[in-house]
file input15.txt (compact mmCIF, C-alpha atoms)
# COMPACT_ATOMS: atom_id res chain seq x y z
CA MET A 1 14.34 -7.61 11.88
CA ASP A 2 12.53 -10.71 13.14
CA VAL A 3 11.21 -12.23 9.92
CA ASN A 4 8.95 -14.73 11.69
CA ASN A 5 7.37 -11.93 13.69
CA LEU A 6 6.73 -9.96 10.51
CA LYS A 7 5.23 -13.03 8.83
CA ASN A 8 2.81 -13.48 11.72
CA HIS A 9 1.78 -9.82 11.58
CA ALA A 10 1.18 -10.17 7.84
CA LEU A 11 -0.88 -13.32 8.41
CA ASN A 12 -3.09 -11.54 10.95
CA ILE A 13 -3.49 -8.65 8.53
CA ARG A 14 -4.56 -10.98 5.72
CA ARG A 15 -7.08 -12.72 7.98
CA ASN A 16 -8.60 -9.37 8.89
CA ILE A 17 -8.72 -8.29 5.24
CA VAL A 18 -10.74 -11.38 4.34
CA GLN A 19 -12.92 -11.02 7.44
CA MET A 20 -13.74 -7.37 6.71
CA VAL A 21 -14.64 -7.91 3.07
CA TYR A 22 -16.67 -11.02 3.89
CA ASP A 23 -18.62 -9.31 6.69
CA ALA A 24 -19.37 -6.30 4.48
CA GLN A 25 -19.94 -8.42 1.35
CA SER A 26 -18.16 -5.56 -0.37
CA GLY A 27 -14.60 -4.40 -0.92
CA HIS A 28 -11.37 -5.18 -2.72
CA PRO A 29 -9.63 -8.30 -1.37
CA GLY A 30 -7.19 -9.13 -4.19
CA GLY A 31 -4.98 -6.05 -4.16
CA SER A 32 -5.29 -5.72 -0.39
CA LEU A 33 -3.91 -9.23 0.16
CA GLY A 34 -1.18 -8.57 -2.39
CA CYS A 35 0.20 -5.48 -0.65
CA ALA A 36 -0.09 -6.82 2.92
CA ASP A 37 3.61 -7.66 3.24
CA ILE A 38 4.67 -4.22 2.00
CA LEU A 39 2.45 -2.49 4.55
CA THR A 40 3.61 -4.86 7.28
CA TYR A 41 7.23 -3.94 6.64
CA LEU A 42 6.47 -0.23 6.48
CA TYR A 43 4.56 -0.08 9.76
CA PHE A 44 6.58 -2.56 11.79
CA GLU A 45 10.11 -1.85 10.52
CA GLU A 46 10.47 1.18 8.30
CA MET A 47 8.34 4.10 9.35
CA ASN A 48 8.56 6.32 12.40
CA VAL A 49 4.93 6.04 13.47
CA ASN A 50 3.50 4.71 16.72
CA ARG A 51 0.66 5.15 19.18
CA ASP A 52 2.35 8.16 20.78
CA ASN A 53 2.98 10.17 17.62
CA VAL A 54 0.14 9.08 15.34
CA ALA A 55 -1.77 12.33 15.93
CA SER A 56 1.35 14.44 15.34
CA THR A 57 2.65 15.93 12.11
CA ASP A 58 6.20 15.18 13.26
CA ARG A 59 6.45 11.64 11.94
CA ASP A 60 6.74 9.65 8.72
CA ARG A 61 3.67 9.55 6.48
CA PHE A 62 2.08 6.86 4.30
CA VAL A 63 -0.28 7.52 1.40
CA LEU A 64 -2.29 4.61 0.02
CA SER A 65 -2.65 6.01 -3.48
CA LYS A 66 -4.51 2.84 -4.52
CA GLY A 67 -7.23 3.81 -2.05
CA HIS A 68 -9.60 0.97 -2.93
CA CYS A 69 -7.25 -1.31 -0.99
CA SER A 70 -8.38 0.28 2.27
CA PRO A 71 -8.87 -3.14 3.95
CA ALA A 72 -5.08 -3.55 3.95
CA LEU A 73 -4.56 -0.11 5.48
CA TYR A 74 -7.19 -0.57 8.19
CA ALA A 75 -5.87 -4.03 8.99
CA VAL A 76 -2.26 -2.89 9.38
CA LEU A 77 -3.28 0.14 11.48
CA HIS A 78 -5.28 -2.24 13.69
CA GLU A 79 -2.39 -4.71 13.93
CA ALA A 80 -0.01 -1.89 14.89
CA GLY A 81 -2.36 -0.63 17.61
CA LEU A 82 -3.05 2.66 15.81
CA LEU A 83 -6.71 2.10 14.97
CA ASP A 84 -9.47 2.27 17.57
CA GLU A 85 -12.45 1.62 15.29
CA ASP A 86 -13.95 -1.87 15.14
CA LEU A 87 -12.97 -3.61 11.90
CA LYS A 88 -16.40 -5.24 11.83
CA THR A 89 -17.90 -1.87 10.91
CA PHE A 90 -16.01 -1.75 7.58
CA ARG A 91 -18.26 -0.32 4.83
CA GLN A 92 -21.26 -0.19 7.18
CA ILE A 93 -23.62 2.79 7.38
CA ASN A 94 -22.16 5.59 9.55
CA SER A 95 -18.85 3.75 9.93
CA LYS A 96 -15.61 5.71 9.85
CA LEU A 97 -14.05 2.79 7.99
CA GLN A 98 -15.28 3.74 4.55
CA GLY A 99 -14.55 1.81 1.37
CA HIS A 100 -11.90 4.41 0.58
CA PRO A 101 -9.85 5.86 3.46
CA ASN A 102 -10.86 9.25 4.85
CA MET A 103 -8.24 11.18 6.82
CA ASN A 104 -10.93 13.35 8.44
CA TYR A 105 -12.41 10.40 10.30
CA VAL A 106 -9.65 7.89 10.99
CA ALA A 107 -6.49 8.65 12.96
CA GLY A 108 -3.48 7.19 11.17
CA VAL A 109 -4.93 7.67 7.70
CA ASP A 110 -2.64 10.32 6.23
CA MET A 111 -4.57 11.10 3.03
CA SER A 112 -8.07 10.57 1.71
CA THR A 113 -7.63 8.58 -1.50
CA GLY A 114 -9.64 6.66 -4.06
CA SER A 115 -9.49 8.73 -7.21
CA LEU A 116 -6.53 6.97 -8.79
CA GLY A 117 -3.39 9.02 -9.41
CA GLN A 118 -4.15 11.69 -6.84
CA GLY A 119 -2.55 10.01 -3.82
CA ILE A 120 0.99 10.16 -5.19
CA SER A 121 0.46 13.84 -6.00
CA CYS A 122 -0.50 14.49 -2.37
CA ALA A 123 2.58 12.57 -1.24
CA VAL A 124 4.76 14.84 -3.38
CA GLY A 125 3.16 17.86 -1.70
CA MET A 126 3.85 16.38 1.74
CA ALA A 127 7.48 15.76 0.83
CA ILE A 128 7.87 19.35 -0.42
CA ALA A 129 6.34 20.63 2.84
CA ASN A 130 8.84 18.57 4.85
CA LYS A 131 11.69 20.09 2.83
CA ILE A 132 10.37 23.60 3.49
CA ASP A 133 9.98 22.86 7.20
CA GLY A 134 13.51 21.46 7.31
CA ASN A 135 12.59 18.19 9.02
CA ASP A 136 13.80 14.65 8.27
CA ASN A 137 10.42 12.94 8.12
CA ARG A 138 9.87 10.69 5.13
CA VAL A 139 6.83 10.13 2.92
CA TYR A 140 5.88 6.77 1.39
CA ALA A 141 3.25 6.24 -1.31
CA LEU A 142 1.91 2.93 -2.61
CA VAL A 143 0.74 3.08 -6.23
CA GLY A 144 -1.00 0.31 -8.15
CA ASP A 145 0.37 -0.85 -11.49
CA GLY A 146 -3.07 -0.33 -13.03
CA GLU A 147 -3.14 3.08 -11.38
CA SER A 148 0.14 3.91 -13.14
CA GLU A 149 -1.88 4.17 -16.35
CA GLU A 150 -3.02 7.57 -15.03
CA GLY A 151 -0.94 10.42 -16.48
CA LEU A 152 -1.14 12.22 -13.15
CA VAL A 153 1.17 9.60 -11.63
CA TRP A 154 3.96 10.57 -13.99
CA GLU A 155 3.40 14.30 -13.62
CA ALA A 156 3.79 13.82 -9.88
CA LEU A 157 6.98 11.81 -10.32
CA MET A 158 8.37 14.45 -12.68
CA ALA A 159 7.72 17.12 -10.03
CA ALA A 160 9.32 14.93 -7.33
CA ALA A 161 12.51 14.65 -9.37
CA HIS A 162 12.50 18.36 -10.22
CA TYR A 163 12.35 19.28 -6.52
CA LYS A 164 14.92 16.60 -5.58
CA LEU A 165 12.61 14.95 -3.08
CA ASP A 166 14.94 12.38 -1.58
CA ASN A 167 12.50 12.15 1.34
CA LEU A 168 9.91 10.55 -0.93
CA CYS A 169 9.65 6.83 -1.65
CA VAL A 170 7.10 5.65 -4.21
CA ILE A 171 6.30 1.93 -4.27
CA PHE A 172 4.71 0.49 -7.38
CA ASP A 173 2.68 -2.61 -6.48
CA LEU A 174 3.36 -4.69 -9.59
CA ASN A 175 0.91 -7.61 -9.52
CA HIS A 176 0.19 -7.33 -13.28
CA LEU A 177 -3.60 -7.32 -12.79
CA GLN A 178 -6.35 -4.73 -12.57
CA ILE A 179 -10.15 -4.85 -12.57
CA ASP A 180 -10.38 -5.66 -16.30
CA GLY A 181 -7.53 -8.17 -16.50
CA ASN A 182 -3.79 -8.07 -17.21
CA VAL A 183 -2.41 -4.53 -17.15
CA GLN A 184 -0.61 -5.07 -20.45
CA ASP A 185 -3.91 -5.98 -22.10
CA VAL A 186 -5.65 -2.86 -20.81
CA ILE A 187 -3.23 -0.06 -21.70
CA GLY A 188 0.27 -1.47 -21.11
CA PRO A 189 2.09 0.62 -18.48
CA LEU A 190 5.21 -1.57 -18.42
CA PRO A 191 8.14 -1.38 -18.03
CA LEU A 192 7.69 0.66 -14.85
CA ALA A 193 11.34 0.63 -13.76
CA GLU A 194 12.61 2.05 -17.03
CA LYS A 195 9.88 4.69 -17.09
CA ALA A 196 10.68 5.79 -13.54
CA LYS A 197 14.38 6.06 -14.40
CA ALA A 198 13.48 8.24 -17.40
CA PHE A 199 11.68 10.55 -14.97
CA ASN A 200 14.93 10.90 -12.99
CA ALA A 201 14.01 8.74 -10.02
CA ALA A 202 16.42 6.34 -8.33
CA VAL A 203 14.94 2.91 -8.98
CA THR A 204 15.23 -0.50 -7.40
CA GLU A 205 13.14 -3.67 -7.65
CA CYS A 206 12.25 -6.22 -5.00
CA ASP A 207 10.09 -9.20 -4.11
CA GLY A 208 7.10 -7.60 -2.40
CA HIS A 209 6.50 -10.75 -0.31
CA ASP A 210 10.06 -11.26 0.93
CA PHE A 211 10.95 -9.16 3.97
CA GLU A 212 14.68 -9.34 3.41
CA SER A 213 14.19 -8.14 -0.17
CA LEU A 214 11.94 -5.34 1.09
CA ALA A 215 14.54 -4.38 3.70
CA LYS A 216 17.20 -3.94 1.02
CA ALA A 217 14.88 -1.87 -1.14
CA PHE A 218 13.90 0.50 1.65
CA ALA A 219 17.53 0.82 2.76
CA PHE A 220 18.34 1.86 -0.81
CA ALA A 221 15.59 4.49 -0.58
CA ARG A 222 16.90 5.93 2.70
CA GLU A 223 20.43 6.11 1.34
CA THR A 224 19.42 7.86 -1.90
CA LYS A 225 20.19 11.59 -1.98
CA GLY A 226 19.11 14.29 -4.38
CA GLN A 227 16.25 12.43 -6.06
CA PRO A 228 13.10 10.48 -5.16
CA THR A 229 13.16 6.70 -4.99
CA VAL A 230 10.86 4.32 -6.82
CA ILE A 231 10.61 0.73 -5.62
CA VAL A 232 9.03 -1.68 -8.10
CA ALA A 233 7.67 -4.40 -5.82
CA ASN A 234 6.74 -7.65 -7.57
CA THR A 235 3.65 -9.06 -5.90
CA VAL A 236 0.88 -11.60 -6.37
CA LYS A 237 -2.69 -10.30 -6.35
CA GLY A 238 -4.69 -12.23 -3.76
CA LYS A 239 -1.52 -13.52 -2.05
CA GLY A 240 -2.22 -16.11 0.63
CA VAL A 241 -5.65 -17.25 -0.55
CA SER A 242 -5.31 -20.10 -3.03
CA TYR A 243 -8.19 -19.34 -5.40
CA MET A 244 -7.60 -15.56 -5.33
CA GLU A 245 -3.93 -15.64 -6.30
CA ASN A 246 -3.31 -14.22 -9.78
CA ASN A 247 -7.07 -14.06 -10.40
CA TYR A 248 -8.31 -10.61 -11.38
CA ALA A 249 -11.91 -11.68 -10.73
CA TRP A 250 -11.17 -11.04 -7.03
CA HIS A 251 -10.13 -7.44 -7.59
CA GLY A 252 -13.41 -6.18 -6.15
CA SER A 253 -15.49 -9.24 -5.27
CA ALA A 254 -16.42 -10.43 -1.79
CA PRO A 255 -16.14 -14.12 -0.86
CA LYS A 256 -19.32 -16.05 -0.14
CA GLU A 257 -19.59 -18.50 2.76
CA GLU A 258 -17.70 -21.43 1.17
CA ASP A 259 -15.09 -19.08 -0.33
CA TYR A 260 -14.64 -17.51 3.10
CA ARG A 261 -14.15 -20.91 4.74
CA ILE A 262 -11.46 -21.88 2.24
CA ALA A 263 -9.72 -18.53 2.58
CA MET A 264 -9.54 -18.71 6.36
CA GLU A 265 -8.28 -22.29 6.12
CA ASP A 266 -5.55 -21.10 3.73
CA LEU A 267 -4.61 -18.40 6.28
CA LYS A 268 -4.46 -20.66 9.34
CA GLU A 269 -0.68 -20.49 9.47
CA VAL A 270 2.29 -19.10 7.60
CA ARG A 271 2.88 -21.18 4.49
call {"tool": "encode", "arguments": {"input": "input15.txt", "output": "structure tokens"}}
result
Amino acid sequence: MDVNNLKNHALNIRRNIVQMVYDAQSGHPGGSLGCADILTYLYFEEMNVNRDNVASTDRDRFVLSKGHCSPALYAVLHEAGLLDEDLKTFRQINSKLQGHPNMNYVAGVDMSTGSLGQGISCAVGMAIANKIDGNDNRVYALVGDGESEEGLVWEALMAAAHYKLDNLCVIFDLNHLQIDGNVQDVIGPLPLAEKAKAFNAAVTECDGHDFESLAKAFAFARETKGQPTVIVANTVKGKGVSYMENNYAWHGSAPKEEDYRIAMEDLKEVR
């Protein structure tokens, strides 16, 4: 693992997230910036997916359950050389790069998501299918902490434990913020780690912006047998852009010209 290389990939991904949302004047920059390091590690270190196998079913799969953060997914697919569409078309009329990812239009998008709670359920189904087929491919799902307020998330996790899906890794993106403010002020889903343990998942926590911490967490997931793994990744919403960090107002707001200038200045180099 070359940490500096991963940091540079993550920086490029963050630049493209800001660029896409600014060009479209629409989208969700805060959560996308916050999960950029997690997606960077998944696509450049963890998952068996590349240009040669992206169209195949015989590979690892990733489900962005928090589908509104599509800018992060498109940006990492572009950075990894898996996306042919022009990022400048994001959220434009007739573009394949819709505000929520659509697997029917974009190679490398493994599930159409956006209705919160449903992505993790699809990931459970994929993991069951892999077990039936007898292959070793793994399934990863990224779930928002605000999204975890959906009961469907916990039904899916209960099923994953029941079927002993040790090929499934669920990552909770714990940035403590959602569209209406702090998650604890909205409906209070915490503590996520203790809840996941109660649903019979193997649980570990990590710093979602530290690649060595992420490496340890995903190694734990690969080594876990007989039950699904939940990684609680502590992140900062809006990570990398000074005025967006820990500011829920940027959950679904696009930067204007001066905001854009500041953001791109913040993302000139790895801090």
call {"tool": "atom_distance", "arguments": {"input": "input15.txt", "atom1": "atom CA of A:Lys268", "atom2": "atom CA of A:His68"}}
result
25.4 Å
call {"tool": "closest_atom_pairs", "arguments": {"input": "input15.txt", "of": "stretch 61-178 of chain A", "to": "stretch 249-259 of chain A", "cutoff": "10 Å", "atoms": "only C-alpha atoms", "output": "tab-separated table"}}
result
residue	atom	partner	partner_atom	distance
A:His68	CA	A:Gly252	CA	8.7
A:Cys69	CA	A:Gly252	CA	9.4
A:Leu177	CA	A:His251	CA	8.3
A:Gln178	CA	A:His251	CA	6.8
call {"tool": "atom_distance", "arguments": {"input": "input15.txt", "atom1": "atom CA of A:Ser115", "atom2": "atom CA of A:Ala161"}}
result
22.9 Å
call {"tool": "residues_around", "arguments": {"input": "input15.txt", "residues": "A:Asn130", "least_positions_apart": "2", "cutoff": "12 Å", "atoms": "all atoms listed in the file", "output": "short mmCIF file (atom, residue, chain, number, x, y, z; two decimals) with C-alpha atoms, in the frame of the given file"}}
result
data_model
loop_
_atom_site.label_atom_id
_atom_site.label_comp_id
_atom_site.auth_asym_id
_atom_site.auth_seq_id
_atom_site.Cartn_x
_atom_site.Cartn_y
_atom_site.Cartn_z
CA THR A 57 2.65 15.93 12.11
CA ASP A 58 6.20 15.18 13.26
CA ARG A 59 6.45 11.64 11.94
CA ASP A 60 6.74 9.65 8.72
CA ARG A 61 3.67 9.55 6.48
CA ALA A 123 2.58 12.57 -1.24
CA VAL A 124 4.76 14.84 -3.38
CA GLY A 125 3.16 17.86 -1.70
CA MET A 126 3.85 16.38 1.74
CA ALA A 127 7.48 15.76 0.83
CA ILE A 128 7.87 19.35 -0.42
CA ILE A 132 10.37 23.60 3.49
CA ASP A 133 9.98 22.86 7.20
CA GLY A 134 13.51 21.46 7.31
CA ASN A 135 12.59 18.19 9.02
CA ASP A 136 13.80 14.65 8.27
CA ASN A 137 10.42 12.94 8.12
CA ARG A 138 9.87 10.69 5.13
CA VAL A 139 6.83 10.13 2.92
CA TYR A 163 12.35 19.28 -6.52
CA LEU A 165 12.61 14.95 -3.08
CA ASP A 166 14.94 12.38 -1.58
CA ASN A 167 12.50 12.15 1.34
CA LEU A 168 9.91 10.55 -0.93
#
call {"tool": "residues_around", "arguments": {"input": "input15.txt", "residues": "stretch 77-87 of chain A", "least_positions_apart": "4", "cutoff": "12 Å", "atoms": "only C-alpha atoms", "output": "mmCIF file with C-alpha atoms, in the coordinates of the input"}}
result
data_model
loop_
_atom_site.group_PDB
_atom_site.id
_atom_site.type_symbol
_atom_site.label_atom_id
_atom_site.label_comp_id
_atom_site.auth_asym_id
_atom_site.auth_seq_id
_atom_site.Cartn_x
_atom_site.Cartn_y
_atom_site.Cartn_z
ATOM 1 C CA LEU A 6 6.730 -9.960 10.510
ATOM 2 C CA ASN A 8 2.810 -13.480 11.720
ATOM 3 C CA HIS A 9 1.780 -9.820 11.580
ATOM 4 C CA ALA A 10 1.180 -10.170 7.840
ATOM 5 C CA LEU A 11 -0.880 -13.320 8.410
ATOM 6 C CA ASN A 12 -3.090 -11.540 10.950
ATOM 7 C CA ILE A 13 -3.490 -8.650 8.530
ATOM 8 C CA ARG A 14 -4.560 -10.980 5.720
ATOM 9 C CA ARG A 15 -7.080 -12.720 7.980
ATOM 10 C CA ASN A 16 -8.600 -9.370 8.890
ATOM 11 C CA ILE A 17 -8.720 -8.290 5.240
ATOM 12 C CA VAL A 18 -10.740 -11.380 4.340
ATOM 13 C CA GLN A 19 -12.920 -11.020 7.440
ATOM 14 C CA MET A 20 -13.740 -7.370 6.710
ATOM 15 C CA VAL A 21 -14.640 -7.910 3.070
ATOM 16 C CA TYR A 22 -16.670 -11.020 3.890
ATOM 17 C CA ASP A 23 -18.620 -9.310 6.690
ATOM 18 C CA ALA A 24 -19.370 -6.300 4.480
ATOM 19 C CA ALA A 36 -0.090 -6.820 2.920
ATOM 20 C CA LEU A 39 2.450 -2.490 4.550
ATOM 21 C CA THR A 40 3.610 -4.860 7.280
ATOM 22 C CA TYR A 41 7.230 -3.940 6.640
ATOM 23 C CA LEU A 42 6.470 -0.230 6.480
ATOM 24 C CA TYR A 43 4.560 -0.080 9.760
ATOM 25 C CA PHE A 44 6.580 -2.560 11.790
ATOM 26 C CA GLU A 45 10.110 -1.850 10.520
ATOM 27 C CA MET A 47 8.340 4.100 9.350
ATOM 28 C CA VAL A 49 4.930 6.040 13.470
ATOM 29 C CA ASN A 50 3.500 4.710 16.720
ATOM 30 C CA ARG A 51 0.660 5.150 19.180
ATOM 31 C CA ASP A 52 2.350 8.160 20.780
ATOM 32 C CA ASN A 53 2.980 10.170 17.620
ATOM 33 C CA VAL A 54 0.140 9.080 15.340
ATOM 34 C CA ALA A 55 -1.770 12.330 15.930
ATOM 35 C CA PHE A 62 2.080 6.860 4.300
ATOM 36 C CA SER A 70 -8.380 0.280 2.270
ATOM 37 C CA PRO A 71 -8.870 -3.140 3.950
ATOM 38 C CA ALA A 72 -5.080 -3.550 3.950
ATOM 39 C CA LEU A 73 -4.560 -0.110 5.480
ATOM 40 C CA ARG A 91 -18.260 -0.320 4.830
ATOM 41 C CA GLN A 92 -21.260 -0.190 7.180
ATOM 42 C CA ASN A 94 -22.160 5.590 9.550
ATOM 43 C CA SER A 95 -18.850 3.750 9.930
ATOM 44 C CA LYS A 96 -15.610 5.710 9.850
ATOM 45 C CA LEU A 97 -14.050 2.790 7.990
ATOM 46 C CA GLN A 98 -15.280 3.740 4.550
ATOM 47 C CA GLY A 99 -14.550 1.810 1.370
ATOM 48 C CA PRO A 101 -9.850 5.860 3.460
ATOM 49 C CA TYR A 105 -12.410 10.400 10.300
ATOM 50 C CA VAL A 106 -9.650 7.890 10.990
ATOM 51 C CA ALA A 107 -6.490 8.650 12.960
ATOM 52 C CA GLY A 108 -3.480 7.190 11.170
ATOM 53 C CA VAL A 109 -4.930 7.670 7.700
ATOM 54 C CA ASP A 110 -2.640 10.320 6.230
#
call {"tool": "closest_residue", "arguments": {"input": "input15.txt", "among": "A:Asn4, A:Thr204, A:Asn175, A:Ser213", "to": "A:Leu33", "atoms": "all atoms listed in the file"}}
result
A:Asn175
call {"tool": "residues_around", "arguments": {"input": "input15.txt", "residues": "A:Pro191", "least_positions_apart": "5", "cutoff": "10 Å", "atoms": "only C-alpha atoms", "output": "list of chain:residue names"}}
result
A:Gln184, A:Ala196, A:Val232
call {"tool": "write_last_selection", "arguments": {"input": "input15.txt", "atoms": "C-alpha atoms", "output": "mmCIF file, in the coordinates of the input"}}
result
data_model
loop_
_atom_site.group_PDB
_atom_site.id
_atom_site.type_symbol
_atom_site.label_atom_id
_atom_site.label_comp_id
_atom_site.auth_asym_id
_atom_site.auth_seq_id
_atom_site.Cartn_x
_atom_site.Cartn_y
_atom_site.Cartn_z
ATOM 1 C CA GLN A 184 -0.610 -5.070 -20.450
ATOM 2 C CA ALA A 196 10.680 5.790 -13.540
ATOM 3 C CA VAL A 232 9.030 -1.680 -8.100
#
call {"tool": "atom_distance", "arguments": {"input": "input15.txt", "atom1": "atom CA of A:Asp37", "atom2": "atom CA of A:Phe218"}}
result
13.2 Å
